[in-house]
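Colleague: Take a look at the following structure, please.
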Amino acid sequence: MSYNRKIIRTASYIEVYKYEKVIFTQDENIENTEPKKERKKKRNFDELSTEEQNERLERISKTRKNSRWEVMRLVDTNFDKRTSFLTLTTKENIQDRNQFNLLFDKFIKRLNYKIFNSKKRLLKYLAVLERQPKRGAWHVHIILFDFPFIPQSDLVRIWGLGGVWINKIDVDSKSNRGRYVSKYFEKGIGQELLESYGKKSFYSSRNLKKPEVLKFVTFEETENIIKHNEILYETEYSGKIFKNGELLENRIKYKKIKID
């Protein structure tokens, strides 16, 4: 597959990426033909050299940015009048990420059964784990889509481990709702990437609607392809493309277009 245009469509906007050079997917994903070296054990951040730490921070920064954009698109694609924001904390000072993640997963199962009376996972959600700054305990922020009213006392009982805060998300401008919601995830995403390197930066149910993504080659102007009323944002920046064993610069023009 090759492309020099990428179009991403959510419920309220269209993103258009115009690449200077055509991207060939097979070139991007060329595997090293040399014998595989023995896989090294992942080291903690403090165990890395200064150069390695800087390289990891650069990768984390890029992944954090991509994760935030992904969250924004998923929120905008799935947002409805019954979208709510839920935070769960624990009385016990749980500093083991895997332990907390297991408790969170059990809560999702119980909440799903409470609403749908089924073990089939029907709950629609996005979630990110985050450490509390003072005591270091994990907690979780969850966005729930198409979520019916449930008394807080019921949520406290279903969680059963500590504090529960829930509120309906009300955003005036639909074009801002993904950005508005994702900012509450941003700290947790960055923290997860640094402290739990190699783990997911956020979690989402499999039944969420995905943004529509189109990739193709064209040399026509974008304005001839997409009709629009308002450009929300546009910029130009430099990207990289791996082609024929060489890393090349690839200029990218980006537009975010409002859908009425």
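Lettering and numbering for the structure tokens are positional, with chains as A, B, ... in the shown order, residues counted from 1 in each chain, and ligands counted from 1 in the shown order.
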For A:Lys21, work out the shell of residues within 10 Å, counting only C-alpha atoms and skipping chain neighbours fewer than 2 positions away, then give it as a list of chain:residue names.

Modeller: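 Listed by chain and then number, they are A:Tyr3, A:Asn4, A:Arg5, A:Lys18, A:Tyr19, A:Ile23, A:Phe24, A:Lys240, A:Ile241, A:Leu248, A:Glu249, A:Asn250, A:Arg251, A:Ile252.
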
Colleague: Save out the residues we just selected, N, CA, C and O atoms, as a PDB file, in the first residue's frame.

Modeller:
```
ATOM      1  N   TYR A   3       0.664   5.780  -0.103  1.00  0.00           N
ATOM      2  CA  TYR A   3      -0.228   6.936   0.057  1.00  0.00           C
ATOM      3  C   TYR A   3       0.588   8.207   0.256  1.00  0.00           C
ATOM      4  O   TYR A   3       1.720   8.174   0.737  1.00  0.00           O
ATOM      5  N   ASN A   4      -0.003   9.329  -0.159  1.00  0.00           N
ATOM      6  CA  ASN A   4       0.543  10.641   0.176  1.00  0.00           C
ATOM      7  C   ASN A   4      -0.535  11.562   0.756  1.00  0.00           C
ATOM      8  O   ASN A   4      -0.325  12.756   0.928  1.00  0.00           O
ATOM      9  N   ARG A   5      -1.703  10.954   0.995  1.00  0.00           N
ATOM     10  CA  ARG A   5      -2.799  11.632   1.701  1.00  0.00           C
ATOM     11  C   ARG A   5      -3.352  10.683   2.754  1.00  0.00           C
ATOM     12  O   ARG A   5      -3.512   9.490   2.503  1.00  0.00           O
ATOM     13  N   LYS A  18      -1.259  15.847   4.287  1.00  0.00           N
ATOM     14  CA  LYS A  18      -0.731  15.881   2.933  1.00  0.00           C
ATOM     15  C   LYS A  18       0.792  15.717   3.014  1.00  0.00           C
ATOM     16  O   LYS A  18       1.498  16.582   3.543  1.00  0.00           O
ATOM     17  N   TYR A  19       1.310  14.592   2.493  1.00  0.00           N
ATOM     18  CA  TYR A  19       2.728  14.277   2.586  1.00  0.00           C
ATOM     19  C   TYR A  19       3.454  14.690   1.310  1.00  0.00           C
ATOM     20  O   TYR A  19       2.961  14.469   0.203  1.00  0.00           O
ATOM     21  N   ILE A  23       4.411   7.613   0.668  1.00  0.00           N
ATOM     22  CA  ILE A  23       4.821   6.633   1.676  1.00  0.00           C
ATOM     23  C   ILE A  23       4.435   5.246   1.186  1.00  0.00           C
ATOM     24  O   ILE A  23       3.284   5.003   0.829  1.00  0.00           O
ATOM     25  N   PHE A  24       5.401   4.352   1.178  1.00  0.00           N
ATOM     26  CA  PHE A  24       5.151   2.966   0.828  1.00  0.00           C
ATOM     27  C   PHE A  24       5.194   2.152   2.113  1.00  0.00           C
ATOM     28  O   PHE A  24       6.228   2.085   2.768  1.00  0.00           O
ATOM     29  N   LYS A 240       9.456  12.054   9.194  1.00  0.00           N
ATOM     30  CA  LYS A 240      10.514  11.184   8.705  1.00  0.00           C
ATOM     31  C   LYS A 240       9.896   9.985   7.980  1.00  0.00           C
ATOM     32  O   LYS A 240       8.814   9.518   8.318  1.00  0.00           O
ATOM     33  N   ILE A 241      10.605   9.511   6.969  1.00  0.00           N
ATOM     34  CA  ILE A 241      10.181   8.319   6.248  1.00  0.00           C
ATOM     35  C   ILE A 241      11.399   7.425   6.042  1.00  0.00           C
ATOM     36  O   ILE A 241      12.479   7.905   5.672  1.00  0.00           O
ATOM     37  N   LEU A 248      14.642   9.617   5.575  1.00  0.00           N
ATOM     38  CA  LEU A 248      14.504  10.848   4.802  1.00  0.00           C
ATOM     39  C   LEU A 248      13.496  11.796   5.435  1.00  0.00           C
ATOM     40  O   LEU A 248      12.563  11.365   6.114  1.00  0.00           O
ATOM     41  N   GLU A 249      13.675  13.084   5.174  1.00  0.00           N
ATOM     42  CA  GLU A 249      12.714  14.078   5.643  1.00  0.00           C
ATOM     43  C   GLU A 249      11.477  14.039   4.748  1.00  0.00           C
ATOM     44  O   GLU A 249      11.574  13.866   3.535  1.00  0.00           O
ATOM     45  N   ASN A 250      10.309  14.200   5.359  1.00  0.00           N
ATOM     46  CA  ASN A 250       9.058  14.218   4.609  1.00  0.00           C
ATOM     47  C   ASN A 250       8.182  15.337   5.163  1.00  0.00           C
ATOM     48  O   ASN A 250       7.633  15.224   6.261  1.00  0.00           O
ATOM     49  N   ARG A 251       8.065  16.421   4.417  1.00  0.00           N
ATOM     50  CA  ARG A 251       7.260  17.557   4.872  1.00  0.00           C
ATOM     51  C   ARG A 251       5.782  17.177   4.873  1.00  0.00           C
ATOM     52  O   ARG A 251       5.292  16.507   3.946  1.00  0.00           O
ATOM     53  N   ILE A 252       5.063  17.635   5.892  1.00  0.00           N
ATOM     54  CA  ILE A 252       3.654  17.280   6.066  1.00  0.00           C
ATOM     55  C   ILE A 252       2.829  18.538   6.290  1.00  0.00           C
ATOM     56  O   ILE A 252       3.160  19.369   7.136  1.00  0.00           O
TER      57      ILE A 252
END
```

Colleague: Neighbouring residues of A:Leu126 were defined as those with any atom within 10 Å, considering only C-alpha atoms; residues of the same chain fewer than 6 positions away were excluded. Please report them as a list of chain:residue names.

Modeller: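 My reading of the contact set: A:Val71, A:Leu74, A:Val75, A:Phe85, A:His141, A:Ile142, A:Ile143, A:Leu144, A:Phe145, A:Phe185, A:Phe202, A:Tyr203, A:Ser204, A:Ser205, A:Arg206, A:Leu208.
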
Colleague: Those residues with C-alpha atoms, as a PDB file, in the first residue's frame please?

Modeller:
```
ATOM      1  CA  VAL A  71      -7.965   9.458  22.760  1.00  0.00           C
ATOM      2  CA  LEU A  74     -12.129   8.064  20.095  1.00  0.00           C
ATOM      3  CA  VAL A  75     -13.908  10.493  22.418  1.00  0.00           C
ATOM      4  CA  PHE A  85     -16.389  10.832  33.722  1.00  0.00           C
ATOM      5  CA  HIS A 141      -9.953   7.876  35.375  1.00  0.00           C
ATOM      6  CA  ILE A 142     -12.676   6.392  33.166  1.00  0.00           C
ATOM      7  CA  ILE A 143     -14.813   7.886  30.389  1.00  0.00           C
ATOM      8  CA  LEU A 144     -18.072   5.965  30.054  1.00  0.00           C
ATOM      9  CA  PHE A 145     -20.098   6.298  26.851  1.00  0.00           C
ATOM     10  CA  PHE A 185      -5.954  11.833  30.619  1.00  0.00           C
ATOM     11  CA  PHE A 202      -4.618   3.846  28.080  1.00  0.00           C
ATOM     12  CA  TYR A 203      -7.305   1.163  27.975  1.00  0.00           C
ATOM     13  CA  SER A 204     -10.465   1.004  25.889  1.00  0.00           C
ATOM     14  CA  SER A 205     -13.302  -1.418  25.363  1.00  0.00           C
ATOM     15  CA  ARG A 206     -13.314  -3.256  22.051  1.00  0.00           C
ATOM     16  CA  LEU A 208     -15.992   1.540  20.648  1.00  0.00           C
TER      17      LEU A 208
END
```

Colleague: Report, in Å with one decimal, the straight-line distance from atom CA of A:Lys210 to atom CA of A:Ile7.

Modeller: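 So the answer is 13.4 Å.
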
Colleague: Given only C-alpha atoms as the basis, pick out the residue of A:Leu129, A:Phe147, A:Lys209, A:Glu52 nearest to A:Phe116.

Modeller: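 Under the stated criterion, the closest residue is A:Phe147.
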
Colleague: Rounded to one decimal place, report the atom CA of A:Thr87-atom CA of A:Phe104 distance in Å.

Modeller: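 Between atom CA of A:Thr87 and atom CA of A:Phe104 the gap is 11.0 Å.
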
Colleague: Give me, please, the distance in Å between atom CA of A:Asn112 and atom CA of A:Ile158, quoted to one decimal.

Modeller: 10.4 Å

Colleague: Nearest residue to A:Leu103 out of A:Trp69, A:Trp165, A:Tyr125, A:Trp159, using only C-alpha atoms?

Modeller: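 Ranked by minimum distance to A:Leu103, first place goes to A:Trp159.
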